[in-house]
$ cat data-v4.cif   # mmCIF, C-alpha atoms and all ligand atoms
data_structure
#
loop_
_atom_site.group_PDB
_atom_site.id
_atom_site.type_symbol
_atom_site.label_atom_id
_atom_site.label_comp_id
_atom_site.auth_asym_id
_atom_site.auth_seq_id
_atom_site.Cartn_x
_atom_site.Cartn_y
_atom_site.Cartn_z
ATOM 1 C CA SER A 143 71.733 45.252 78.735
ATOM 2 C CA LYS A 144 70.095 48.650 78.389
ATOM 3 C CA GLY A 145 71.651 51.650 80.096
ATOM 4 C CA ILE A 146 70.516 55.257 80.413
ATOM 5 C CA ASN A 147 68.277 56.498 77.575
ATOM 6 C CA GLY A 148 68.113 52.896 76.336
ATOM 7 C CA LEU A 149 71.747 52.961 75.180
ATOM 8 C CA ASP A 150 73.311 49.493 74.979
ATOM 9 C CA LYS A 151 75.839 48.636 77.636
ATOM 10 C CA VAL A 152 77.782 45.579 78.701
ATOM 11 C CA ILE A 153 78.220 44.636 82.360
ATOM 12 C CA LEU A 154 81.349 42.665 83.207
ATOM 13 C CA ARG A 155 81.642 40.758 86.474
ATOM 14 C CA ASP A 156 84.675 38.905 87.724
ATOM 15 C CA PRO A 157 84.284 36.006 90.175
ATOM 16 C CA ARG A 158 86.598 37.837 92.596
ATOM 17 C CA GLY A 159 84.119 40.654 92.939
ATOM 18 C CA SER A 160 85.417 43.363 90.626
ATOM 19 C CA SER A 161 83.167 44.614 87.867
ATOM 20 C CA ALA A 162 82.910 47.149 85.077
ATOM 21 C CA GLU A 163 80.195 48.628 82.870
ATOM 22 C CA VAL A 164 80.873 49.833 79.331
ATOM 23 C CA TYR A 165 78.509 51.533 76.905
ATOM 24 C CA LEU A 166 78.836 50.561 73.270
ATOM 25 C CA TYR A 167 78.543 54.286 72.642
ATOM 26 C CA GLY A 168 82.170 55.453 72.706
ATOM 27 C CA ALA A 169 83.227 52.086 74.197
ATOM 28 C CA HIS A 170 82.779 54.269 77.245
ATOM 29 C CA VAL A 171 83.486 52.673 80.615
ATOM 30 C CA THR A 172 81.124 54.329 83.101
ATOM 31 C CA SER A 173 81.717 52.122 86.154
ATOM 32 C CA TRP A 174 84.769 50.291 87.464
ATOM 33 C CA LYS A 175 84.449 48.607 90.865
ATOM 34 C CA ASN A 176 87.174 46.956 92.888
ATOM 35 C CA GLU A 177 86.881 43.590 94.662
ATOM 36 C CA GLN A 178 85.138 45.309 97.554
ATOM 37 C CA ALA A 179 82.570 46.595 95.030
ATOM 38 C CA GLU A 180 83.712 50.196 95.652
ATOM 39 C CA GLU A 181 83.149 52.502 92.665
ATOM 40 C CA LEU A 182 86.461 54.009 91.498
ATOM 41 C CA LEU A 183 85.159 56.229 88.710
ATOM 42 C CA PHE A 184 83.351 59.579 88.803
ATOM 43 C CA LEU A 185 80.264 60.031 86.619
ATOM 44 C CA SER A 186 78.629 63.459 86.644
ATOM 45 C CA SER A 187 75.051 63.553 87.886
ATOM 46 C CA LYS A 188 74.459 65.819 84.864
ATOM 47 C CA ALA A 189 76.167 63.596 82.293
ATOM 48 C CA ILE A 190 74.235 63.649 79.013
ATOM 49 C CA PHE A 191 73.739 60.189 77.508
ATOM 50 C CA LYS A 192 72.697 61.579 74.144
ATOM 51 C CA PRO A 193 74.887 60.914 71.110
ATOM 52 C CA PRO A 194 76.892 62.656 69.770
ATOM 53 C CA LYS A 195 77.552 64.327 73.151
ATOM 54 C CA PRO A 196 80.389 62.545 75.011
ATOM 55 C CA ILE A 197 79.508 61.172 78.449
ATOM 56 C CA ARG A 198 80.919 63.371 81.255
ATOM 57 C CA GLY A 199 82.849 61.002 83.491
ATOM 58 C CA GLY A 200 84.008 57.385 83.409
ATOM 59 C CA ILE A 201 86.712 56.746 80.796
ATOM 60 C CA PRO A 202 86.222 58.664 77.530
ATOM 61 C CA ILE A 203 88.566 57.371 74.827
ATOM 62 C CA CYS A 204 90.379 60.288 73.214
ATOM 63 C CA PHE A 205 91.361 59.022 69.766
ATOM 64 C CA PRO A 206 92.827 59.708 67.163
ATOM 65 C CA GLN A 207 93.570 63.143 68.601
ATOM 66 C CA PHE A 208 94.058 64.369 72.172
ATOM 67 C CA SER A 209 92.484 67.804 72.841
ATOM 68 C CA ASN A 210 93.054 70.342 70.042
ATOM 69 C CA LEU A 211 96.366 68.849 68.958
ATOM 70 C CA GLY A 212 95.239 68.444 65.376
ATOM 71 C CA PRO A 213 92.448 69.245 62.877
ATOM 72 C CA LEU A 214 89.673 67.125 64.432
ATOM 73 C CA ASP A 215 87.113 68.061 67.073
ATOM 74 C CA SER A 216 88.646 68.187 70.532
ATOM 75 C CA HIS A 217 89.616 64.675 71.709
ATOM 76 C CA GLY A 218 88.859 63.115 68.328
ATOM 77 C CA PHE A 219 85.715 61.140 67.579
ATOM 78 C CA ALA A 220 86.107 57.629 69.065
ATOM 79 C CA ARG A 221 84.168 58.726 72.161
ATOM 80 C CA ASN A 222 81.116 59.789 70.186
ATOM 81 C CA ARG A 223 80.698 56.888 67.813
ATOM 82 C CA PHE A 224 78.812 53.621 68.317
ATOM 83 C CA TRP A 225 81.196 50.696 68.656
ATOM 84 C CA THR A 226 80.224 47.102 68.039
ATOM 85 C CA ILE A 227 80.936 43.894 69.902
ATOM 86 C CA ASP A 228 83.517 41.942 68.004
ATOM 87 C CA ASP A 229 82.936 38.281 68.685
ATOM 88 C CA SER A 230 85.060 37.042 65.806
ATOM 89 C CA PRO A 231 87.349 34.378 67.272
ATOM 90 C CA PRO A 232 89.797 34.361 68.813
ATOM 91 C CA PRO A 233 89.077 37.089 71.323
ATOM 92 C CA PHE A 234 92.356 38.896 71.575
ATOM 93 C CA LEU A 235 92.275 38.991 75.347
ATOM 94 C CA THR A 236 92.554 35.221 75.599
ATOM 95 C CA ASN A 237 95.750 35.539 77.604
ATOM 96 C CA THR A 238 94.239 37.424 80.509
ATOM 97 C CA PRO A 239 93.180 35.783 83.783
ATOM 98 C CA SER A 240 89.820 37.446 83.446
ATOM 99 C CA LYS A 241 86.797 35.352 82.777
ATOM 100 C CA ALA A 242 84.720 38.351 81.842
ATOM 101 C CA PHE A 243 85.696 40.617 79.009
ATOM 102 C CA VAL A 244 84.176 42.258 75.987
ATOM 103 C CA ASP A 245 85.933 42.969 72.743
ATOM 104 C CA LEU A 246 84.636 46.197 71.219
ATOM 105 C CA ILE A 247 85.633 47.453 67.810
ATOM 106 C CA LEU A 248 85.132 50.773 66.100
ATOM 107 C CA LYS A 249 84.306 50.408 62.427
ATOM 108 C CA PRO A 250 85.197 53.640 60.673
ATOM 109 C CA SER A 251 82.308 55.369 58.943
ATOM 110 C CA GLU A 252 82.983 56.646 55.445
ATOM 111 C CA ASP A 253 82.975 60.226 56.607
ATOM 112 C CA ASP A 254 85.466 59.662 59.404
ATOM 113 C CA ILE A 255 89.046 60.471 58.501
ATOM 114 C CA LYS A 256 90.841 57.336 57.162
ATOM 115 C CA ILE A 257 90.895 55.686 60.518
ATOM 116 C CA TRP A 258 91.228 51.971 61.005
ATOM 117 C CA PRO A 259 89.367 49.493 63.146
ATOM 118 C CA HIS A 260 90.247 50.527 66.645
ATOM 119 C CA ARG A 261 89.701 47.616 68.936
ATOM 120 C CA VAL A 262 89.157 48.046 72.649
ATOM 121 C CA ALA A 263 88.868 45.043 74.875
ATOM 122 C CA LEU A 264 87.968 45.400 78.477
ATOM 123 C CA GLY A 265 89.372 42.621 80.592
ATOM 124 C CA SER A 266 87.722 42.629 83.939
ATOM 125 C CA GLY A 267 89.894 40.518 86.161
ATOM 126 C CA GLY A 268 90.968 40.815 89.818
ATOM 127 C CA ASP A 269 93.083 43.804 88.854
ATOM 128 C CA LEU A 270 90.839 45.072 86.095
ATOM 129 C CA MET A 271 92.507 45.715 82.770
ATOM 130 C CA MET A 272 91.435 47.714 79.740
ATOM 131 C CA THR A 273 93.373 47.228 76.540
ATOM 132 C CA SER A 274 93.109 49.488 73.541
ATOM 133 C CA ARG A 275 94.450 48.125 70.303
ATOM 134 C CA ILE A 276 94.902 50.055 67.114
ATOM 135 C CA ARG A 277 95.994 48.490 63.882
ATOM 136 C CA ASN A 278 96.657 50.164 60.564
ATOM 137 C CA THR A 279 94.809 48.014 58.056
ATOM 138 C CA ASN A 280 95.428 50.536 55.312
ATOM 139 C CA ILE A 281 95.620 48.988 51.852
ATOM 140 C CA ASP A 282 97.134 51.996 50.102
ATOM 141 C CA GLY A 283 100.417 51.641 51.985
ATOM 142 C CA LYS A 284 99.902 54.838 53.970
ATOM 143 C CA PRO A 285 101.239 55.172 57.533
ATOM 144 C CA PHE A 286 98.956 56.687 60.134
ATOM 145 C CA SER A 287 99.706 58.820 63.219
ATOM 146 C CA PHE A 288 97.569 59.494 66.274
ATOM 147 C CA THR A 289 97.573 60.711 69.845
ATOM 148 C CA PHE A 290 95.525 58.897 72.476
ATOM 149 C CA ALA A 291 94.257 59.164 76.056
ATOM 150 C CA ASN A 292 92.093 57.166 78.436
ATOM 151 C CA HIS A 293 90.519 60.339 79.848
ATOM 152 C CA THR A 294 89.747 58.712 83.197
ATOM 153 C CA TYR A 295 87.616 60.531 85.809
ATOM 154 C CA PHE A 296 88.373 59.149 89.286
ATOM 155 C CA SER A 297 85.977 59.460 92.203
ATOM 156 C CA VAL A 298 87.583 61.156 95.234
ATOM 157 C CA SER A 299 86.135 62.130 98.614
ATOM 158 C CA ASP A 300 87.474 65.698 98.639
ATOM 159 C CA ILE A 301 89.888 67.096 96.020
ATOM 160 C CA SER A 302 91.586 69.258 98.660
ATOM 161 C CA GLU A 303 92.560 66.075 100.542
ATOM 162 C CA VAL A 304 93.934 64.165 97.568
ATOM 163 C CA ARG A 305 97.615 63.557 96.773
ATOM 164 C CA VAL A 306 99.004 62.067 93.573
ATOM 165 C CA GLU A 307 102.298 60.189 93.764
ATOM 166 C CA GLY A 308 104.501 59.155 90.867
ATOM 167 C CA LEU A 309 104.818 62.396 88.923
ATOM 168 C CA GLU A 310 107.337 64.172 91.148
ATOM 169 C CA THR A 311 110.311 65.886 89.403
ATOM 170 C CA LEU A 312 108.912 65.147 85.920
ATOM 171 C CA ASP A 313 108.513 67.687 83.119
ATOM 172 C CA TYR A 314 105.005 68.754 82.173
ATOM 173 C CA LEU A 315 103.217 71.025 79.715
ATOM 174 C CA ASP A 316 100.912 73.418 81.555
ATOM 175 C CA ASN A 317 97.650 73.872 79.663
ATOM 176 C CA LEU A 318 96.941 76.927 81.818
ATOM 177 C CA GLN A 319 100.155 78.587 80.672
ATOM 178 C CA LYS A 320 100.043 78.175 76.895
ATOM 179 C CA ARG A 321 101.277 74.584 77.263
ATOM 180 C CA GLU A 322 104.742 75.819 78.210
ATOM 181 C CA ARG A 323 107.119 73.212 79.628
ATOM 182 C CA PHE A 324 107.912 73.188 83.349
ATOM 183 C CA THR A 325 109.511 70.769 85.806
ATOM 184 C CA GLU A 326 107.480 69.424 88.737
ATOM 185 C CA GLN A 327 108.962 69.874 92.207
ATOM 186 C CA GLY A 328 109.826 66.926 94.421
ATOM 187 C CA ASP A 329 106.640 66.324 96.357
ATOM 188 C CA ALA A 330 103.339 64.591 95.646
ATOM 189 C CA LEU A 331 100.746 66.682 93.753
ATOM 190 C CA THR A 332 98.046 68.436 95.792
ATOM 191 C CA PHE A 333 95.141 70.529 94.499
ATOM 192 C CA GLU A 334 93.787 73.923 95.488
ATOM 193 C CA SER A 335 92.842 75.495 92.126
ATOM 194 C CA GLU A 336 92.247 74.689 88.448
ATOM 195 C CA PHE A 337 94.857 72.162 87.324
ATOM 196 C CA ASP A 338 95.511 71.036 83.751
ATOM 197 C CA ARG A 339 98.911 69.488 82.982
ATOM 198 C CA ILE A 340 100.362 66.919 80.593
ATOM 199 C CA TYR A 341 103.159 65.083 82.453
ATOM 200 C CA LEU A 342 105.714 63.604 80.087
ATOM 201 C CA SER A 343 107.472 60.217 80.123
ATOM 202 C CA THR A 344 105.765 59.115 83.314
ATOM 203 C CA PRO A 345 106.230 55.832 85.209
ATOM 204 C CA THR A 346 104.013 52.772 84.785
ATOM 205 C CA LYS A 347 102.445 53.278 88.202
ATOM 206 C CA ILE A 348 100.671 56.403 89.484
ATOM 207 C CA ALA A 349 98.908 56.497 92.864
ATOM 208 C CA ILE A 350 95.908 58.630 93.863
ATOM 209 C CA LEU A 351 95.708 58.817 97.666
ATOM 210 C CA ASP A 352 92.236 59.516 99.034
ATOM 211 C CA HIS A 353 92.504 60.664 102.625
ATOM 212 C CA GLU A 354 88.885 60.211 103.687
ATOM 213 C CA LYS A 355 88.256 56.874 101.986
ATOM 214 C CA LYS A 356 91.509 55.622 103.506
ATOM 215 C CA ARG A 357 92.442 54.062 100.190
ATOM 216 C CA THR A 358 94.795 54.549 97.293
ATOM 217 C CA ILE A 359 93.750 53.982 93.705
ATOM 218 C CA VAL A 360 96.682 52.581 91.752
ATOM 219 C CA LEU A 361 96.751 53.225 88.014
ATOM 220 C CA ARG A 362 99.125 51.020 86.034
ATOM 221 C CA LYS A 363 99.680 51.644 82.350
ATOM 222 C CA ASP A 364 101.620 50.217 79.454
ATOM 223 C CA GLY A 365 102.229 51.806 76.068
ATOM 224 C CA LEU A 366 100.931 55.143 77.441
ATOM 225 C CA PRO A 367 103.996 57.236 78.394
ATOM 226 C CA ASP A 368 102.269 60.486 79.347
ATOM 227 C CA ALA A 369 99.723 61.362 82.042
ATOM 228 C CA VAL A 370 97.242 64.255 81.959
ATOM 229 C CA VAL A 371 96.088 65.552 85.350
ATOM 230 C CA TRP A 372 92.982 67.747 85.270
ATOM 231 C CA ASN A 373 90.573 69.352 87.670
ATOM 232 C CA PRO A 374 88.370 72.157 86.262
ATOM 233 C CA TRP A 375 87.793 73.769 89.715
ATOM 234 C CA ASP A 376 84.814 76.061 90.361
ATOM 235 C CA LYS A 377 84.816 78.541 87.456
ATOM 236 C CA LYS A 378 85.242 75.932 84.692
ATOM 237 C CA ALA A 379 82.830 73.595 86.526
ATOM 238 C CA LYS A 380 80.098 76.246 86.317
ATOM 239 C CA ALA A 381 80.802 76.665 82.592
ATOM 240 C CA MET A 382 80.091 72.979 81.825
ATOM 241 C CA SER A 383 76.369 72.269 81.444
ATOM 242 C CA ASP A 384 76.930 68.513 81.912
ATOM 243 C CA PHE A 385 78.851 68.919 85.189
ATOM 244 C CA GLY A 386 77.535 69.957 88.619
ATOM 245 C CA ASP A 387 78.843 73.287 89.962
ATOM 246 C CA ASP A 388 80.441 71.623 93.001
ATOM 247 C CA GLU A 389 81.325 68.275 91.410
ATOM 248 C CA TYR A 390 84.946 69.357 90.918
ATOM 249 C CA LYS A 391 85.373 68.576 94.632
ATOM 250 C CA TYR A 392 84.675 64.887 94.066
ATOM 251 C CA MET A 393 86.667 64.068 90.950
ATOM 252 C CA LEU A 394 90.169 64.104 89.517
ATOM 253 C CA CYS A 395 91.190 63.148 85.990
ATOM 254 C CA VAL A 396 94.451 61.214 85.728
ATOM 255 C CA GLU A 397 94.676 60.187 82.089
ATOM 256 C CA ALA A 398 97.044 57.533 80.755
ATOM 257 C CA ALA A 399 98.023 58.977 77.385
ATOM 258 C CA ALA A 400 100.349 59.086 74.397
ATOM 259 C CA ILE A 401 100.575 62.763 73.484
ATOM 260 C CA GLU A 402 104.110 64.224 73.336
ATOM 261 C CA LYS A 403 105.226 61.701 70.752
ATOM 262 C CA PRO A 404 102.348 60.803 68.392
ATOM 263 C CA ILE A 405 102.273 57.129 67.509
ATOM 264 C CA THR A 406 102.839 56.237 63.857
ATOM 265 C CA LEU A 407 101.785 52.884 62.436
ATOM 266 C CA LYS A 408 102.772 51.542 59.063
ATOM 267 C CA PRO A 409 100.209 49.307 57.326
ATOM 268 C CA GLY A 410 99.898 46.055 59.251
ATOM 269 C CA GLU A 411 101.517 47.495 62.397
ATOM 270 C CA GLU A 412 99.594 47.497 65.650
ATOM 271 C CA TRP A 413 99.775 49.480 68.872
ATOM 272 C CA LYS A 414 98.422 48.425 72.276
ATOM 273 C CA GLY A 415 97.744 50.621 75.282
ATOM 274 C CA ARG A 416 96.868 49.043 78.599
ATOM 275 C CA LEU A 417 95.250 50.507 81.692
ATOM 276 C CA GLU A 418 94.840 48.633 84.950
ATOM 277 C CA LEU A 419 93.115 49.981 88.078
ATOM 278 C CA SER A 420 93.250 48.574 91.578
ATOM 279 C CA THR A 421 93.111 49.833 95.154
ATOM 280 C CA VAL A 422 95.243 49.346 98.232
ATOM 281 C CA PRO A 423 94.624 50.512 101.793
ATOM 282 C CA SER A 424 96.332 53.875 101.918
ATOM 283 C CA SER A 425 99.414 54.199 104.157
ATOM 284 C CA TYR A 426 99.191 58.007 103.755
ATOM 285 C CA CYS A 427 95.848 58.012 105.554
ATOM 286 C CA SER A 428 97.171 56.225 108.598
ATOM 287 C CA GLY A 429 99.802 58.930 108.857
ATOM 288 C CA GLN A 430 102.777 56.577 108.361
HETATM 289 O O1 LIG B 501 91.679 66.656 80.579
HETATM 290 C C1 LIG B 501 92.335 67.587 79.831
HETATM 291 C C2 LIG B 501 91.386 68.372 78.929
HETATM 292 O O2 LIG B 501 91.994 68.578 77.685
HETATM 293 C C3 LIG B 501 91.031 69.694 79.605
HETATM 294 O O3 LIG B 501 91.783 70.764 79.056
HETATM 295 C C4 LIG B 501 89.529 69.837 79.363
HETATM 296 O O4 LIG B 501 89.268 70.406 78.095
HETATM 297 C C5 LIG B 501 89.111 68.372 79.455
HETATM 298 O O5 LIG B 501 90.116 67.695 78.688
HETATM 299 C C6 LIG B 501 87.679 68.076 79.063
HETATM 300 O O6 LIG B 501 87.495 68.078 77.698
HETATM 301 P P1 LIG B 501 86.002 67.739 77.152
HETATM 302 O O7 LIG B 501 86.059 67.906 75.676
HETATM 303 O O8 LIG B 501 85.684 66.329 77.566
HETATM 304 O O9 LIG B 501 85.090 68.722 77.859
#
$ encode --input "data-v4.cif" --output "structure tokens" --more "lines below"
Ligand code: TA6
Amino acid sequence: SKGINGLDKVILRDPRGSSAEVYLYGAHVTSWKNEQAEELLFLSSKAIFKPPKPIRGGIPICFPQFSNLGPLDSHGFARNRFWTIDDSPPPFLTNTPSKAFVDLILKPSEDDIKIWPHRVALGSGGDLMMTSRIRNTNIDGKPFSFTFANHTYFSVSDISEVRVEGLETLDYLDNLQKRERFTEQGDALTFESEFDRIYLSTPTKIAILDHEKKRTIVLRKDGLPDAVVWNPWDKKAKAMSDFGDDEYKYMLCVEAAAIEKPITLKPGEEWKGRLELSTVPSSYCSGQ
């Protein structure tokens, strides 16, 4: 179907009620709803749907380079290229319970660095799943390294009432302190100022507890060992033209990523990164 500014998008619906919307531009998921049709993702009211500008919100794909960790533009270029629907059989998500999925593929343009078809398939099942698949189809025998993140913007009721569980006691690189390495203390994360950290070797499951909505968003990941947690807060929010001045109060990025240890693929090798989102009623909210 046609999305904003006439950009092509695919709408995925699962019989159990969950759904997702993904633009072919950047293979960018802009909506992800749970079985109660609640929107889990944040999309800025000022997001610019105008290539080559990345869309502010949803799930930008940072590939083949996270942030400025390399020679490319920040976060690489996968998020500002047009992907295509790959309907060559067999769809590689055949083994998922989902009835609705789309298999998007990025065909490298000649002026991109030697990057190989990066295939993203979005399985929208009961517990939605998004799988990114990267294969080195190099014919000159060259290996290929990359860093990656699903730069996911979550919708929250009030950032000052949010807690993140699952990252306690882990080491992190603090982007606000020259990416120096620190160790997180033993309690859930809370937020009262700009926050920009790369947590290392994190668990499969991370929980975002939203006090007001009385729900917890559960992020499950596979093949993505690190997790970036980011909130720009007020000053940085004002500096972004595609982000409302007070929108930092209603979003939190928790990004399933592979950053500390870049992934290297030899020709023919393939990497998969999986992201699954779901919600549970939040015990934290009922004060237990
Ligand atoms: O989420 C981590 C981060 O690297 C932040 O430092 C900030 O730059 C954010 O990504 C947004 O980057 P973008 O290029 O999308 O504005």
$ residues_near_ligand --input "data-v4.cif" --ligand "ligand LIG 501 (chain B)" --cutoff "9 Å" --atoms "all atoms listed in the file" --output "list of chain:residue names"
A:Pro196, A:Ile197, A:Arg198, A:Gly199, A:Pro202, A:Cys204, A:Phe208, A:Ser209, A:Asn210, A:Asp215, A:Ser216, A:His217, A:His293, A:Thr294, A:Asn317, A:Leu318, A:Phe337, A:Asp338, A:Arg339, A:Ile340, A:Val370, A:Val371, A:Trp372, A:Asn373, A:Pro374, A:Met382, A:Cys395, A:Val396, A:Glu397
$ closest_residue --input "data-v4.cif" --among "A:Gly308, A:Gly365, A:Pro423, A:Pro404" --to "Phe205 in chain A" --atoms "all atoms listed in the file"
A:Pro404
$ atom_distance --input "data-v4.cif" --atom1 "CA of Ile350 in chain A" --atom2 "CA of Leu315 in chain A"
20.2 Å
$ closest_residue --input "data-v4.cif" --among "A:Leu331, A:Leu183, A:Ile247, A:Ala169" --to "Ser302 in chain A" --atoms "all atoms listed in the file"
A:Leu331
$ residues_around --input "data-v4.cif" --residues "Val171 in chain A" --least-positions-apart "4" --cutoff "7 Å" --atoms "all atoms listed in the file" --output "VMD selection string"
chain A and resid 163 to 165 200 to 201
$ write_last_selection --input "data-v4.cif" --atoms "C-alpha atoms" --output "JSON list (two decimals), in the coordinates of the input"
[["chain", "number", "residue", "atom", "x", "y", "z"],
["A", 163, "GLU", "CA", 80.19, 48.63, 82.87],
["A", 164, "VAL", "CA", 80.87, 49.83, 79.33],
["A", 165, "TYR", "CA", 78.51, 51.53, 76.90],
["A", 200, "GLY", "CA", 84.01, 57.38, 83.41],
["A", 201, "ILE", "CA", 86.71, 56.75, 80.80]]
$ atom_distance --input "data-v4.cif" --atom1 "CA of Glu177 in chain A" --atom2 "CA of Gly159 in chain A"
4.4 Å
$ atom_distance --input "data-v4.cif" --atom1 "CA of Tyr295 in chain A" --atom2 "CA of Lys363 in chain A"
15.4 Å
$ closest_residue --input "data-v4.cif" --among "A:Glu310, A:Phe324, A:Thr332, A:Leu361" --to "Thr346 in chain A" --atoms "only C-alpha atoms"
A:Leu361
$ residues_around --input "data-v4.cif" --residues "Gly168 in chain A" --least-positions-apart "4" --cutoff "6 Å" --atoms "all atoms listed in the file" --output "PyMOL selection string"
chain A and resi 220-224
$ residues_around --input "data-v4.cif" --residues "Ile359 in chain A" --least-positions-apart "6" --cutoff "10 Å" --atoms "only C-alpha atoms" --output "PyMOL selection string"
chain A and resi 176+182+296-298+306+348-352+419-424
$ residues_near_point --input "data-v4.cif" --point "(94.0, 58.1, 72.7)" --cutoff "9 Å" --atoms "only C-alpha atoms" --output "ChimeraX atom specification"
/A:203-208,217-218,220,274,288-293,366,398-401,415
$ closest_residue --input "data-v4.cif" --among "A:Asp329, A:Glu418, A:Glu389, A:Glu412" --to "Pro259 in chain A" --atoms "all atoms listed in the file"
A:Glu412
$ closest_residue --input "data-v4.cif" --among "A:Glu181, A:Asp228, A:Asp150, A:Glu303" --to "Ala162 in chain A" --atoms "all atoms listed in the file"
A:Glu181
$ closest_residue --input "data-v4.cif" --among "A:Ser186, A:Tyr167, A:Gln327, A:Pro250" --to "Asn280 in chain A" --atoms "all atoms listed in the file"
A:Pro250
$ residues_around --input "data-v4.cif" --residues "Leu407 in chain A" --least-positions-apart "3" --cutoff "10 Å" --atoms "all atoms listed in the file" --output "PDB file with C-alpha atoms, keeping the file's coordinate frame"
ATOM      1  CA  ILE A 276      94.902  50.055  67.114  1.00  0.00           C
ATOM      2  CA  ARG A 277      95.994  48.490  63.882  1.00  0.00           C
ATOM      3  CA  ASN A 278      96.657  50.164  60.564  1.00  0.00           C
ATOM      4  CA  THR A 279      94.809  48.014  58.056  1.00  0.00           C
ATOM      5  CA  ASN A 280      95.428  50.536  55.312  1.00  0.00           C
ATOM      6  CA  LYS A 284      99.902  54.838  53.970  1.00  0.00           C
ATOM      7  CA  PRO A 285     101.239  55.172  57.533  1.00  0.00           C
ATOM      8  CA  PHE A 286      98.956  56.687  60.134  1.00  0.00           C
ATOM      9  CA  SER A 287      99.706  58.820  63.219  1.00  0.00           C
ATOM     10  CA  PHE A 288      97.569  59.494  66.274  1.00  0.00           C
ATOM     11  CA  PRO A 404     102.348  60.803  68.392  1.00  0.00           C
ATOM     12  CA  GLY A 410      99.898  46.055  59.251  1.00  0.00           C
ATOM     13  CA  GLU A 411     101.517  47.495  62.397  1.00  0.00           C
ATOM     14  CA  GLU A 412      99.594  47.497  65.650  1.00  0.00           C
ATOM     15  CA  TRP A 413      99.775  49.480  68.872  1.00  0.00           C
TER      16      TRP A 413
END
$ closest_atom_pairs --input "data-v4.cif" --of "range 173-220 of chain A" --to "range 144-149 of chain A" --cutoff "12 Å" --atoms "only C-alpha atoms" --output "CSV"
residue,atom,partner,partner_atom,distance
A:Ser173,CA,A:Gly145,CA,11.8
A:Ala189,CA,A:Ile146,CA,10.2
A:Ile190,CA,A:Ile146,CA,9.3
A:Phe191,CA,A:Ile146,CA,6.6
A:Lys192,CA,A:Asn147,CA,7.6
A:Pro193,CA,A:Leu149,CA,9.5
A:Ile197,CA,A:Ile146,CA,10.9
$ resolve_selection --input "data-v4.cif" --expression "the PyMOL selection byres (((chain A and resi 353) around 9) and not hetatm)" --output "count of residues only"
17
$ axis_aligned_box --input "data-v4.cif" --around "range 176-185 of chain A" --padding-each-side "6 Å" --output "lines of an AutoDock Vina configuration file"
center_x = 83.7
center_y = 51.8
center_z = 92.1
size_x = 18.9
size_y = 28.4
size_z = 22.9
$ residues_around --input "data-v4.cif" --residues "Ser161 in chain A" --least-positions-apart "2" --cutoff "6 Å" --atoms "all atoms listed in the file" --output "list in words"
Leu154, Arg155, Asp156, Trp174 and Lys175 of chain A
$ write_last_selection --input "data-v4.cif" --atoms "C-alpha atoms" --output "tab-separated table (two decimals), keeping the file's coordinate frame"
chain	number	residue	atom	x	y	z
A	154	LEU	CA	81.35	42.66	83.21
A	155	ARG	CA	81.64	40.76	86.47
A	156	ASP	CA	84.68	38.90	87.72
A	174	TRP	CA	84.77	50.29	87.46
A	175	LYS	CA	84.45	48.61	90.86
